[in-house]
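Chemist: File query_21.cif below, mmCIF, C-alpha atoms and all ligand atoms:
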```cif
data_work
#
loop_
_atom_site.label_atom_id
_atom_site.label_comp_id
_atom_site.auth_asym_id
_atom_site.auth_seq_id
_atom_site.Cartn_x
_atom_site.Cartn_y
_atom_site.Cartn_z
CA MET A 1 23.05 93.78 -148.79
CA GLN A 2 25.30 95.48 -151.35
CA VAL A 3 28.79 94.02 -151.77
CA PRO A 4 31.11 95.91 -154.10
CA LEU A 5 34.06 94.25 -155.83
CA ILE A 6 36.40 96.73 -154.16
CA ASP A 7 35.72 99.57 -151.73
CA LEU A 8 38.32 102.29 -152.10
CA LYS A 9 36.24 104.70 -150.04
CA ALA A 10 36.52 102.35 -147.05
CA GLN A 11 40.28 102.22 -147.53
CA TYR A 12 40.50 106.00 -147.86
CA ALA A 13 38.49 106.48 -144.65
CA GLN A 14 41.32 104.78 -142.70
CA ILE A 15 44.09 106.95 -144.07
CA LYS A 16 42.36 110.18 -145.00
CA ASP A 17 44.20 112.46 -142.58
CA GLU A 18 47.63 111.11 -143.47
CA VAL A 19 46.92 111.33 -147.20
CA LYS A 20 45.62 114.87 -146.97
CA ALA A 21 48.69 115.91 -144.99
CA VAL A 22 51.20 114.55 -147.50
CA ILE A 23 49.31 115.99 -150.45
CA ALA A 24 49.30 119.36 -148.69
CA GLU A 25 53.06 119.01 -148.27
CA VAL A 26 53.54 118.43 -152.01
CA LEU A 27 51.26 121.37 -152.76
CA GLU A 28 53.33 123.60 -150.50
CA SER A 29 56.57 122.41 -152.11
CA GLN A 30 55.17 122.75 -155.67
CA MET A 31 57.61 120.00 -156.62
CA PHE A 32 55.14 118.04 -158.69
CA VAL A 33 57.84 116.36 -160.77
CA TRP A 34 60.90 114.65 -159.21
CA GLY A 35 59.98 115.67 -155.68
CA ARG A 36 61.96 113.96 -152.90
CA GLN A 37 59.13 111.44 -152.34
CA ILE A 38 59.97 109.72 -155.65
CA LYS A 39 63.38 108.49 -154.55
CA GLU A 40 62.02 107.54 -151.15
CA LEU A 41 59.27 105.45 -152.68
CA GLU A 42 61.65 103.89 -155.20
CA GLN A 43 63.95 102.75 -152.42
CA GLN A 44 61.13 101.46 -150.26
CA ILE A 45 59.50 99.51 -153.08
CA ALA A 46 62.89 98.11 -154.11
CA ASP A 47 63.37 96.96 -150.50
CA TYR A 48 59.83 95.58 -150.32
CA SER A 49 60.41 93.54 -153.45
CA GLN A 50 63.91 92.39 -152.47
CA THR A 51 65.61 94.30 -155.28
CA LYS A 52 68.25 97.00 -155.42
CA PHE A 53 66.68 99.60 -157.69
CA GLY A 54 63.21 101.01 -158.24
CA LEU A 55 62.25 103.39 -161.04
CA GLY A 56 58.92 105.16 -160.79
CA VAL A 57 57.09 105.47 -164.09
CA ALA A 58 53.72 106.63 -165.34
CA SER A 59 51.91 103.27 -165.31
CA GLY A 60 52.34 99.52 -165.10
CA SER A 61 51.96 99.42 -168.88
CA ASP A 62 54.88 101.81 -169.26
CA ALA A 63 56.92 99.84 -166.72
CA LEU A 64 56.65 96.82 -169.02
CA TYR A 65 57.40 98.88 -172.12
CA LEU A 66 60.42 100.55 -170.54
CA ALA A 67 61.86 97.36 -169.03
CA LEU A 68 61.61 95.50 -172.34
CA ASN A 69 62.97 98.51 -174.19
CA ALA A 70 65.94 98.78 -171.82
CA LEU A 71 66.66 95.09 -172.38
CA GLY A 72 66.93 95.78 -176.09
CA VAL A 73 63.65 94.24 -177.25
CA GLY A 74 62.64 95.77 -180.57
CA GLN A 75 61.67 95.24 -184.19
CA GLY A 76 61.88 91.61 -185.29
CA ASP A 77 62.15 90.20 -181.79
CA GLU A 78 59.72 87.78 -180.23
CA VAL A 79 58.67 87.81 -176.60
CA ILE A 80 56.93 84.84 -175.04
CA THR A 81 54.03 85.54 -172.73
CA SER A 82 50.75 84.20 -171.45
CA THR A 83 47.66 84.58 -173.60
CA TYR A 84 45.57 84.92 -170.44
CA THR A 85 46.40 88.32 -168.98
CA PHE A 86 45.48 91.97 -169.20
CA PHE A 87 46.15 93.46 -172.62
CA ALA A 88 48.97 95.71 -171.37
CA THR A 89 51.29 92.70 -171.08
CA ALA A 90 51.25 92.04 -174.80
CA GLY A 91 50.65 95.67 -175.71
CA ALA A 92 54.06 96.59 -174.28
CA ILE A 93 55.71 94.05 -176.59
CA SER A 94 53.84 95.30 -179.64
CA ARG A 95 54.56 98.96 -178.88
CA LEU A 96 58.25 98.13 -179.29
CA GLY A 97 57.67 96.64 -182.75
CA ALA A 98 58.31 93.17 -181.35
CA CYS A 99 55.93 90.25 -181.62
CA PRO A 100 54.13 88.61 -178.70
CA VAL A 101 54.27 84.83 -178.88
CA PHE A 102 51.48 83.43 -176.78
CA VAL A 103 51.56 80.35 -174.61
CA ASP A 104 48.72 78.54 -172.84
CA ILE A 105 48.21 78.50 -169.08
CA ASP A 106 48.31 76.00 -166.28
CA PRO A 107 44.58 75.52 -165.58
CA LEU A 108 45.08 75.40 -161.81
CA THR A 109 46.98 78.64 -161.30
CA TYR A 110 46.00 80.43 -164.53
CA ASN A 111 49.66 81.37 -164.95
CA ILE A 112 51.79 80.56 -168.00
CA ASP A 113 52.52 76.83 -168.33
CA PRO A 114 56.34 76.61 -168.26
CA GLU A 115 56.26 73.25 -170.04
CA LEU A 116 54.98 74.93 -173.19
CA ILE A 117 57.58 77.66 -173.35
CA ALA A 118 60.46 75.79 -174.97
CA ALA A 119 58.33 74.80 -177.96
CA ALA A 120 57.39 78.45 -178.49
CA CYS A 121 61.00 79.62 -178.66
CA THR A 122 62.58 80.45 -182.02
CA PRO A 123 65.88 82.07 -183.00
CA HIS A 124 64.01 85.40 -182.77
CA THR A 125 62.98 84.94 -179.14
CA LYS A 126 64.51 87.64 -177.01
CA ALA A 127 62.64 87.50 -173.74
CA ILE A 128 60.02 85.77 -171.63
CA LEU A 129 57.35 87.85 -169.93
CA PRO A 130 55.63 85.74 -167.25
CA VAL A 131 52.64 87.29 -165.52
CA HIS A 132 51.93 86.75 -161.82
CA LEU A 133 48.21 86.71 -162.37
CA TYR A 134 45.69 87.56 -159.65
CA GLY A 135 48.48 87.92 -157.05
CA GLN A 136 50.21 84.54 -157.30
CA CYS A 137 53.64 84.09 -158.86
CA ALA A 138 54.10 82.06 -162.00
CA ASN A 139 56.17 78.89 -161.65
CA MET A 140 59.46 80.71 -162.09
CA GLU A 141 62.06 78.00 -161.59
CA PRO A 142 61.56 76.23 -164.94
CA ILE A 143 61.11 79.60 -166.64
CA LEU A 144 64.43 80.87 -165.28
CA LYS A 145 66.06 77.64 -166.40
CA ILE A 146 64.85 77.98 -169.99
CA ALA A 147 65.90 81.63 -170.04
CA GLN A 148 69.34 80.74 -168.82
CA GLU A 149 69.76 77.94 -171.35
CA LEU A 150 68.62 80.05 -174.28
CA GLU A 151 70.09 83.34 -173.02
CA LEU A 152 66.74 85.08 -172.88
CA ALA A 153 65.81 88.03 -170.71
CA ILE A 154 62.98 87.78 -168.21
CA VAL A 155 60.64 90.60 -167.30
CA GLU A 156 58.09 89.75 -164.63
CA ASP A 157 54.68 91.32 -165.01
CA ALA A 158 54.01 91.70 -161.30
CA ALA A 159 51.31 94.35 -161.80
CA GLN A 160 48.88 92.32 -159.68
CA ALA A 161 51.40 90.76 -157.35
CA ILE A 162 53.42 93.22 -155.28
CA GLY A 163 54.48 91.37 -152.13
CA ALA A 164 53.70 87.90 -153.52
CA GLU A 165 56.36 85.24 -152.98
CA TYR A 166 57.71 82.23 -154.82
CA ARG A 167 60.01 79.97 -152.80
CA GLY A 168 60.91 82.86 -150.52
CA LYS A 169 61.53 85.29 -153.37
CA ARG A 170 59.38 88.31 -153.89
CA ALA A 171 57.52 89.03 -157.12
CA GLY A 172 59.64 91.24 -159.33
CA SER A 173 62.98 90.06 -157.91
CA MET A 174 63.48 86.91 -159.95
CA GLY A 175 63.85 88.12 -163.52
CA ASP A 176 66.04 90.81 -165.06
CA ALA A 177 63.29 93.27 -164.16
CA GLY A 178 59.93 93.30 -162.43
CA CYS A 179 57.04 95.63 -163.19
CA PHE A 180 54.39 96.92 -160.82
CA SER A 181 51.20 98.86 -161.43
CA PHE A 182 49.76 101.37 -159.00
CA PHE A 183 46.39 101.48 -160.75
CA PRO A 184 43.87 102.26 -157.98
CA SER A 185 42.47 98.72 -157.79
CA LYS A 186 45.85 97.10 -157.32
CA ASN A 187 46.94 95.97 -153.83
CA LEU A 188 49.07 99.11 -153.68
CA GLY A 189 46.95 101.59 -155.60
CA GLY A 190 47.64 105.26 -156.21
CA MET A 191 45.32 108.16 -156.89
CA GLY A 192 45.43 107.56 -160.62
CA ASP A 193 47.98 105.88 -162.85
CA GLY A 194 51.49 104.95 -161.80
CA GLY A 195 53.95 102.10 -162.01
CA MET A 196 57.47 100.99 -161.18
CA VAL A 197 60.28 98.92 -162.65
CA VAL A 198 62.44 97.10 -160.11
CA THR A 199 65.73 95.40 -160.86
CA ASN A 200 69.02 94.28 -159.36
CA ASP A 201 70.90 95.31 -162.48
CA GLU A 202 72.44 98.75 -162.14
CA GLN A 203 72.95 99.24 -165.88
CA LEU A 204 69.38 98.27 -166.61
CA ALA A 205 68.18 100.68 -163.91
CA GLU A 206 70.22 103.46 -165.47
CA LYS A 207 68.75 102.73 -168.88
CA VAL A 208 65.16 102.71 -167.61
CA HIS A 209 65.95 105.93 -165.79
CA MET A 210 67.04 107.54 -169.03
CA LEU A 211 64.26 106.08 -171.16
CA ARG A 212 61.54 107.43 -168.84
CA GLU A 213 63.04 110.91 -169.22
CA HIS A 214 63.33 111.18 -173.03
CA GLY A 215 66.54 109.18 -173.04
CA SER A 216 68.54 111.73 -171.11
CA ALA A 217 70.61 111.42 -167.96
CA ASP A 218 71.76 115.06 -168.24
CA ARG A 219 68.91 117.33 -169.12
CA TYR A 220 68.81 118.31 -172.81
CA TYR A 221 71.49 115.74 -173.74
CA HIS A 222 69.84 112.62 -175.15
CA LYS A 223 71.69 109.34 -175.32
CA LEU A 224 68.59 107.35 -176.24
CA ILE A 225 65.22 107.99 -177.78
CA GLY A 226 63.03 107.76 -174.76
CA VAL A 227 59.59 108.90 -173.68
CA ASN A 228 58.03 110.97 -170.94
CA SER A 229 56.94 108.43 -168.36
CA ARG A 230 57.41 109.69 -164.84
CA LEU A 231 55.63 108.99 -161.60
CA ASP A 232 54.18 112.21 -160.14
CA THR A 233 55.33 113.38 -156.72
CA ILE A 234 51.76 113.43 -155.43
CA GLN A 235 51.36 109.78 -156.38
CA ALA A 236 54.63 108.87 -154.68
CA ALA A 237 53.62 110.74 -151.51
CA VAL A 238 50.31 108.89 -151.30
CA LEU A 239 51.90 105.54 -152.17
CA LEU A 240 54.44 106.01 -149.37
CA ILE A 241 51.58 106.28 -146.89
CA LYS A 242 49.83 103.25 -148.35
CA LEU A 243 53.00 101.18 -148.46
CA ASP A 244 53.08 101.21 -144.64
CA TYR A 245 49.64 99.61 -144.64
CA LEU A 246 50.33 97.15 -147.44
CA PRO A 247 51.53 94.18 -145.33
CA GLY A 248 48.41 94.46 -143.16
CA TRP A 249 46.12 94.78 -146.17
CA GLU A 250 47.76 91.78 -147.80
CA GLN A 251 47.20 89.78 -144.64
CA MET A 252 43.54 90.80 -144.62
CA ARG A 253 43.17 89.66 -148.23
CA ARG A 254 44.73 86.33 -147.28
CA THR A 255 42.46 86.02 -144.25
CA ASN A 256 39.43 86.75 -146.40
CA ALA A 257 40.58 84.08 -148.87
CA GLN A 258 40.88 81.58 -146.04
CA ASN A 259 37.43 82.53 -144.72
CA TYR A 260 35.98 81.92 -148.16
CA ARG A 261 37.58 78.47 -148.24
CA GLU A 262 35.91 77.57 -144.96
CA LEU A 263 32.56 79.08 -145.96
CA PHE A 264 32.50 77.30 -149.33
CA ASP A 265 33.41 74.06 -147.63
CA ASP A 266 30.79 74.48 -144.89
CA ALA A 267 28.17 75.20 -147.55
CA ASP A 268 29.17 72.02 -149.40
CA LEU A 269 29.95 73.98 -152.55
CA LEU A 270 33.36 72.59 -153.39
CA ASP A 271 31.93 70.32 -156.09
CA ASP A 272 30.13 73.25 -157.67
CA VAL A 273 32.88 75.85 -157.75
CA GLN A 274 36.62 75.55 -158.00
CA LEU A 275 38.44 77.85 -155.58
CA PRO A 276 41.86 79.44 -156.22
CA TYR A 277 44.70 76.98 -156.13
CA GLU A 278 47.53 78.07 -153.85
CA VAL A 279 50.91 76.63 -154.72
CA GLU A 280 52.64 75.16 -151.68
CA ASP A 281 55.85 77.13 -151.69
CA GLY A 282 54.40 80.52 -152.54
CA ARG A 283 52.51 83.39 -151.00
CA HIS A 284 49.39 84.49 -152.85
CA VAL A 285 48.42 88.11 -152.18
CA TYR A 286 44.92 87.81 -153.65
CA ASN A 287 44.61 90.86 -155.80
CA GLN A 288 41.68 88.80 -157.04
CA PHE A 289 39.85 85.79 -155.61
CA ILE A 290 38.86 83.74 -158.63
CA ILE A 291 36.22 81.08 -158.54
CA ARG A 292 35.47 78.82 -161.46
CA THR A 293 32.27 77.21 -162.72
CA ASN A 294 30.86 76.26 -166.11
CA ARG A 295 27.73 78.22 -165.12
CA ARG A 296 29.74 81.42 -164.73
CA ASP A 297 27.57 83.84 -166.69
CA ASP A 298 24.33 82.74 -165.01
CA LEU A 299 26.00 82.90 -161.59
CA ARG A 300 27.30 86.36 -162.32
CA HIS A 301 23.83 87.55 -163.29
CA PHE A 302 22.31 85.96 -160.18
CA LEU A 303 24.86 87.64 -157.91
CA LYS A 304 24.31 90.98 -159.56
CA GLU A 305 20.59 90.72 -158.81
CA ALA A 306 21.56 89.99 -155.20
CA GLY A 307 23.68 93.16 -154.98
CA ILE A 308 27.05 91.41 -155.28
CA ALA A 309 29.57 92.82 -157.74
CA THR A 310 31.84 90.45 -159.64
CA ALA A 311 34.14 90.73 -162.65
CA VAL A 312 35.47 88.58 -165.44
CA TYR A 313 39.24 88.72 -165.81
CA TYR A 314 39.43 88.11 -168.77
CA PRO A 315 36.65 87.24 -171.20
CA LEU A 316 38.82 86.84 -174.31
CA PRO A 317 42.41 85.54 -174.33
CA LEU A 318 44.86 87.77 -176.15
CA HIS A 319 45.51 85.42 -179.08
CA LEU A 320 41.86 85.85 -180.09
CA GLN A 321 41.75 89.65 -179.81
CA ASP A 322 40.91 91.53 -183.03
CA CYS A 323 44.14 93.50 -182.90
CA TYR A 324 46.19 90.28 -183.00
CA GLN A 325 44.31 88.64 -185.86
CA GLY A 326 47.34 89.23 -188.04
CA LEU A 327 49.39 86.85 -185.88
CA GLY A 328 47.42 83.91 -187.24
CA TYR A 329 46.12 82.32 -184.08
CA ALA A 330 42.75 80.55 -184.10
CA PRO A 331 40.18 79.39 -181.55
CA GLY A 332 41.35 76.13 -180.03
CA ASP A 333 45.05 77.05 -180.09
CA PHE A 334 45.19 77.54 -176.32
CA PRO A 335 42.34 75.46 -174.89
CA GLU A 336 43.10 76.01 -171.21
CA ALA A 337 43.04 79.79 -171.50
CA GLU A 338 39.97 79.70 -173.71
CA GLN A 339 38.10 77.56 -171.20
CA ALA A 340 39.23 79.65 -168.24
CA ALA A 341 37.95 82.74 -170.04
CA GLN A 342 34.49 81.12 -170.10
CA GLU A 343 34.50 79.94 -166.50
CA THR A 344 36.36 82.25 -164.14
CA LEU A 345 34.75 84.88 -161.95
CA ALA A 346 36.33 87.33 -159.51
CA ILE A 347 34.39 87.78 -156.29
CA PRO A 348 35.11 90.49 -153.69
CA VAL A 349 38.20 89.87 -151.52
CA TYR A 350 39.35 93.42 -150.67
CA PRO A 351 40.76 93.99 -147.17
CA GLU A 352 37.74 95.84 -145.77
CA LEU A 353 35.29 93.11 -146.80
CA THR A 354 33.49 92.02 -143.60
CA PRO A 355 32.69 88.47 -142.43
CA PRO A 356 28.92 89.08 -142.81
CA MET A 357 29.53 90.24 -146.39
CA GLN A 358 31.53 87.10 -147.12
CA GLU A 359 28.80 84.95 -145.57
CA TYR A 360 26.23 86.72 -147.71
CA VAL A 361 28.28 86.12 -150.88
CA VAL A 362 28.65 82.40 -150.17
CA GLU A 363 25.00 82.03 -149.09
CA ARG A 364 23.86 83.53 -152.39
CA ILE A 365 26.23 81.29 -154.34
CA GLY A 366 24.80 78.34 -152.39
CA GLU A 367 21.30 79.45 -153.27
CA PHE A 368 22.30 79.62 -156.94
CA PHE A 369 23.66 76.07 -157.02
CA LYS A 370 21.38 74.34 -154.52
CA GLY A 371 18.18 76.37 -154.88
C1 LIG A 401 48.69 91.87 -165.48
C2 LIG A 401 48.74 93.35 -165.74
N1 LIG A 401 49.72 93.84 -166.50
C3 LIG A 401 49.83 95.15 -166.73
C4 LIG A 401 48.93 96.05 -166.23
C5 LIG A 401 49.06 97.47 -166.60
O1 LIG A 401 49.13 98.35 -165.54
P1 LIG A 401 48.58 99.85 -165.67
O2 LIG A 401 47.10 99.78 -165.68
O3 LIG A 401 49.13 100.51 -164.46
O4 LIG A 401 49.12 100.42 -166.92
C6 LIG A 401 47.89 95.58 -165.41
C7 LIG A 401 46.91 96.46 -164.76
O5 LIG A 401 46.11 97.13 -165.20
C8 LIG A 401 47.77 94.18 -165.17
O6 LIG A 401 46.79 93.70 -164.43
#
```
Would you mind writing the structure in this file as C-alpha cells?
Modeler:
Amino acid sequence: MQVPLIDLKAQYAQIKDEVKAVIAEVLESQMFVWGRQIKELEQQIADYSQTKFGLGVASGSDALYLALNALGVGQGDEVITSTYTFFATAGAISRLGACPVFVDIDPLTYNIDPELIAAACTPHTKAILPVHLYGQCANMEPILKIAQELELAIVEDAAQAIGAEYRGKRAGSMGDAGCFSFFPSKNLGGMGDGGMVVTNDEQLAEKVHMLREHGSADRYYHKLIGVNSRLDTIQAAVLLIKLDYLPGWEQMRRTNAQNYRELFDDADLLDDVQLPYEVEDGRHVYNQFIIRTNRRDDLRHFLKEAGIATAVYYPLPLHLQDCYQGLGYAPGDFPEAEQAAQETLAIPVYPELTPPMQEYVVERIGEFFKG
C-alpha cells in the first residue's frame, strides 16, 4: 500500500466542479487583482477566526512581515520567537532589520515555552511572535500577560493553525494580529501561495492594507514605503469554496488523530512512540500529526520502504541555521528544541486518509518496533 503524507488530488476530486466554476467566473471577469472575491474571503476568514478585519496578502511569510511592519518593528528592535518553527517566522523579523531572539520550546506541545520569555526580554524587545505549531495554539495566557506588562506587541504565527482554539478563542484572534498561510499543504490551502493578516485593530488593518499596496491608500499617493503583496482573485475564489469545507476537513483530521491514538494503544506502542499532546482547554486542528521516538531516522527509512511518506518538521532549529550564525547561538542553547529536531516525525493525517491506511501505518510502525 502507498500512503502519501497529503493527498491534494483526493481533496480536489471532491470539489473539482465548484472550483472550475469559480475559476471560470474570474476568467470571465478578468478581475485578477482586487476582484470582489477578495473582500468576501477577507470577511469570511475574519469571522472564522473571531476577528474584525482580514487582509489578503501574497503568502503567510508576507503576512508576518506586514503585520510586524505595521506594528512598527524595524531596525534595532528585537522580536521574541520560538527556535522550533518554519524559517519564515524568523525570516519576517530579519527582513525588517530587526533581530529574532529565540526561546526554547515546551517539549510536550513543541510550542514556545512561556516561562522562558521574560528572561529573553531586553529594553529592545518590541514584540513576541508565538507560533501555533502543527495546528495547536501556544499557551497564550502567560504570553499575553508578559506582553501587557512590558507593553509588547503580539503577532500570532497561525500559519498552521486556522480554526484552532485556545480556551474558546480562535488562533489569530488573541494577539494584535494573526497570520495565516494558504500554502497548498495547509488546512486551508490555495492553488499556490497566499496568506492573510487578521486583526481587531482598525488602524493596524488600515496600515497592513496600505503596506501590501506599496504604502498607498489612494492610488499613486504613498503614505508609507510598502511592497506589492496582494492575494490574487483566483486564489480568493478557490479559498472561498474550500472555506465551506474547512470545518468538516478539520473534524476529519481530528477523527484521524483519535483513530491513531486508539490504534497505537491497541498495538501496545505507547512506550515506543510519543503521540501528540493535546492541551485540555484547546482544539488542535492537526495540520500535522507528530510522533516522537529516538529511533526517528531509522523508522522514517523503514516506513519509506513500506510505501509510507513522512516528513521531519524541522531538522534544525533556527538558532543553529547558518544564516543566524552571526547571532552567536551555539548547540546546547535550546536543548528541548534540539532534541525534538532529532526525534519528531510527521505521519499522514490528512482528511481523506482512510482507516485501512491508518491501520497499515500503525502496523508497519509496530513491525519496526516489535519485529
Ligand atoms: C509556522 C509557519 N510560519 C510561516 C509560514 C509561511 O507561510 P507561506 O509558506 O505561506 O509563506 C509557514 C508555512 O509555510 C509556517 O508553517
Chemist: List as a PyMOL selection string the protein and nucleic acid residues lying within 10 Å of ligand LIG 401 (chain A), with only C-alpha atoms and all ligand atoms counted.
Modeler: chain A and resi 57-65+82+84-92+130-135+156-161+179-186+189-190+192-196+287+313
Chemist: Output C-alpha atoms of each residue in that selection to a file, as an mmCIF file, keeping the file's coordinate frame.
Modeler:
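The new file again21.cif reads:
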```cif
data_model
loop_
_atom_site.group_PDB
_atom_site.id
_atom_site.type_symbol
_atom_site.label_atom_id
_atom_site.label_comp_id
_atom_site.auth_asym_id
_atom_site.auth_seq_id
_atom_site.Cartn_x
_atom_site.Cartn_y
_atom_site.Cartn_z
ATOM 1 C CA VAL A 57 57.090 105.470 -164.090
ATOM 2 C CA ALA A 58 53.720 106.630 -165.340
ATOM 3 C CA SER A 59 51.910 103.270 -165.310
ATOM 4 C CA GLY A 60 52.340 99.520 -165.100
ATOM 5 C CA SER A 61 51.960 99.420 -168.880
ATOM 6 C CA ASP A 62 54.880 101.810 -169.260
ATOM 7 C CA ALA A 63 56.920 99.840 -166.720
ATOM 8 C CA LEU A 64 56.650 96.820 -169.020
ATOM 9 C CA TYR A 65 57.400 98.880 -172.120
ATOM 10 C CA SER A 82 50.750 84.200 -171.450
ATOM 11 C CA TYR A 84 45.570 84.920 -170.440
ATOM 12 C CA THR A 85 46.400 88.320 -168.980
ATOM 13 C CA PHE A 86 45.480 91.970 -169.200
ATOM 14 C CA PHE A 87 46.150 93.460 -172.620
ATOM 15 C CA ALA A 88 48.970 95.710 -171.370
ATOM 16 C CA THR A 89 51.290 92.700 -171.080
ATOM 17 C CA ALA A 90 51.250 92.040 -174.800
ATOM 18 C CA GLY A 91 50.650 95.670 -175.710
ATOM 19 C CA ALA A 92 54.060 96.590 -174.280
ATOM 20 C CA PRO A 130 55.630 85.740 -167.250
ATOM 21 C CA VAL A 131 52.640 87.290 -165.520
ATOM 22 C CA HIS A 132 51.930 86.750 -161.820
ATOM 23 C CA LEU A 133 48.210 86.710 -162.370
ATOM 24 C CA TYR A 134 45.690 87.560 -159.650
ATOM 25 C CA GLY A 135 48.480 87.920 -157.050
ATOM 26 C CA GLU A 156 58.090 89.750 -164.630
ATOM 27 C CA ASP A 157 54.680 91.320 -165.010
ATOM 28 C CA ALA A 158 54.010 91.700 -161.300
ATOM 29 C CA ALA A 159 51.310 94.350 -161.800
ATOM 30 C CA GLN A 160 48.880 92.320 -159.680
ATOM 31 C CA ALA A 161 51.400 90.760 -157.350
ATOM 32 C CA CYS A 179 57.040 95.630 -163.190
ATOM 33 C CA PHE A 180 54.390 96.920 -160.820
ATOM 34 C CA SER A 181 51.200 98.860 -161.430
ATOM 35 C CA PHE A 182 49.760 101.370 -159.000
ATOM 36 C CA PHE A 183 46.390 101.480 -160.750
ATOM 37 C CA PRO A 184 43.870 102.260 -157.980
ATOM 38 C CA SER A 185 42.470 98.720 -157.790
ATOM 39 C CA LYS A 186 45.850 97.100 -157.320
ATOM 40 C CA GLY A 189 46.950 101.590 -155.600
ATOM 41 C CA GLY A 190 47.640 105.260 -156.210
ATOM 42 C CA GLY A 192 45.430 107.560 -160.620
ATOM 43 C CA ASP A 193 47.980 105.880 -162.850
ATOM 44 C CA GLY A 194 51.490 104.950 -161.800
ATOM 45 C CA GLY A 195 53.950 102.100 -162.010
ATOM 46 C CA MET A 196 57.470 100.990 -161.180
ATOM 47 C CA ASN A 287 44.610 90.860 -155.800
ATOM 48 C CA TYR A 313 39.240 88.720 -165.810
#
```
Chemist: Using all atoms listed in the file for the distances, tell me which of A:Val19, A:Ala340, A:Leu243, A:Cys99 is nearest to Gly326 in chain A.
Modeler: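 Residue with the minimum atom-to-atom distance to Gly326 in chain A: A:Cys99.
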Chemist: Skip Pro142 in chain A itself and residues of its chain fewer than 2 positions away, then list as a compact mmCIF listing (two decimals) with C-alpha atoms, in the frame of the given file all residues within 10 Å of it, counting all atoms listed in the file.
Modeler:
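Resulting contents of around-v4.txt:
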```txt
# COMPACT_ATOMS: atom_id res chain seq x y z
CA ASP A 113 52.52 76.83 -168.33
CA PRO A 114 56.34 76.61 -168.26
CA GLU A 115 56.26 73.25 -170.04
CA ILE A 117 57.58 77.66 -173.35
CA ALA A 138 54.10 82.06 -162.00
CA ASN A 139 56.17 78.89 -161.65
CA MET A 140 59.46 80.71 -162.09
CA LEU A 144 64.43 80.87 -165.28
CA LYS A 145 66.06 77.64 -166.40
CA ILE A 146 64.85 77.98 -169.99
CA ALA A 147 65.90 81.63 -170.04
CA GLN A 148 69.34 80.74 -168.82
```
Chemist: Distance cut-off 8 Å, centre (63.0, 106.1, -171.2) in file coordinates, counting only C-alpha atoms: which residues qualify? Return them as a list in words.
Modeler: Leu66, Ala70, Lys207, Val208, His209, Met210, Leu211, Arg212, Glu213, His214, Gly215, Ser216, Leu224, Ile225, Gly226, Val227, Asn228 and Ser229 of chain A
Chemist: Measure the distance from CA of Tyr245 in chain A to CA of His284 in chain A in Å and round it to one decimal.
Modeler: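 That distance, rounded to one decimal, is 17.2 Å.
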Chemist: Would you be able to write out as a list in words which residues have an atom within 8 Å of (37.8, 82.8, -163.6) in the file's coordinates, counting only C-alpha atoms?
Modeler: Ile290, Ile291, Arg292, Thr293, Val312, Tyr313, Tyr314, Ala340, Ala341, Gln342, Glu343, Thr344, Leu345 and Ala346 of chain A
Chemist: Looking at all atoms listed in the file, which of A:Asp298, A:Glu151, A:Glu278, A:Glu367 is the one that sits closest to Arg254 in chain A?
Modeler: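 Ranking A:Asp298, A:Glu151, A:Glu278, A:Glu367 by distance to Arg254 in chain A, first place goes to A:Glu278.
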Chemist: Nearest to Gly56 in chain A among A:Arg261, A:Gln11, A:Thr354, A:Val198, with distances taken over all atoms listed in the file: which residue is it?
Modeler: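 Of A:Arg261, A:Gln11, A:Thr354, A:Val198, the one nearest Gly56 in chain A is A:Val198, counting all atoms listed in the file.
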Chemist: Have a look at A:Tyr48, A:Tyr329, A:Tyr324, A:Tyr286 and name the one nearest to Tyr350 in chain A; count all atoms listed in the file.
Modeler: A:Tyr286
Chemist: So how many Å separate CA of Gln288 in chain A and CA of Leu108 in chain A, to one decimal?
Modeler: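 Atom-to-atom, CA of Gln288 in chain A and CA of Leu108 in chain A are spaced 14.6 Å apart.
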Chemist: Using all atoms listed in the file, which residue out of A:Glu149, A:Asp7, A:Asp201, A:Asp77 lies closest to Phe53 in chain A?
Modeler: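 Nearest candidate to Phe53 in chain A out of A:Glu149, A:Asp7, A:Asp201, A:Asp77: A:Asp201.
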Chemist: So the first atom is CA of Pro100 in chain A and the second is CA of Leu231 in chain A; what is the distance between them in Å, to one decimal place?
Modeler: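 Interatomic distance, CA of Pro100 in chain A to CA of Leu231 in chain A: 26.6 Å.
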Chemist: From the list A:Ala118, A:Leu55, A:Leu246, A:Val349, which residue is nearest Ala67 in chain A when using only C-alpha atoms?
Modeler: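 Closest residue, counting only C-alpha atoms: A:Leu55.
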Chemist: I want to know what sits within 8 Å of Gln75 in chain A, based on only C-alpha atoms, with residues of the same chain fewer than 5 positions away left out; could you give that as a list in words?
Modeler: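 Final neighbour list, sorted by chain and number: Leu96, Gly97 and Ala98 of chain A.
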Chemist: What's around Asp104 in chain A at 9 Å? Count only C-alpha atoms, leave out sequence neighbours fewer than 5 positions away in its own chain, and write the answer as a PyMOL selection string.
Modeler: chain A and resi 81-84+110-113+116-117+333-338
Chemist: I'd like the neighbourhood of Leu239 in chain A as a PyMOL selection string, where a residue qualifies if any of its atoms comes within 9 Å (using all atoms listed in the file), though same-chain residues fewer than 2 positions away should be ignored.
Modeler: chain A and resi 41+182+188-191+234-237+241-244
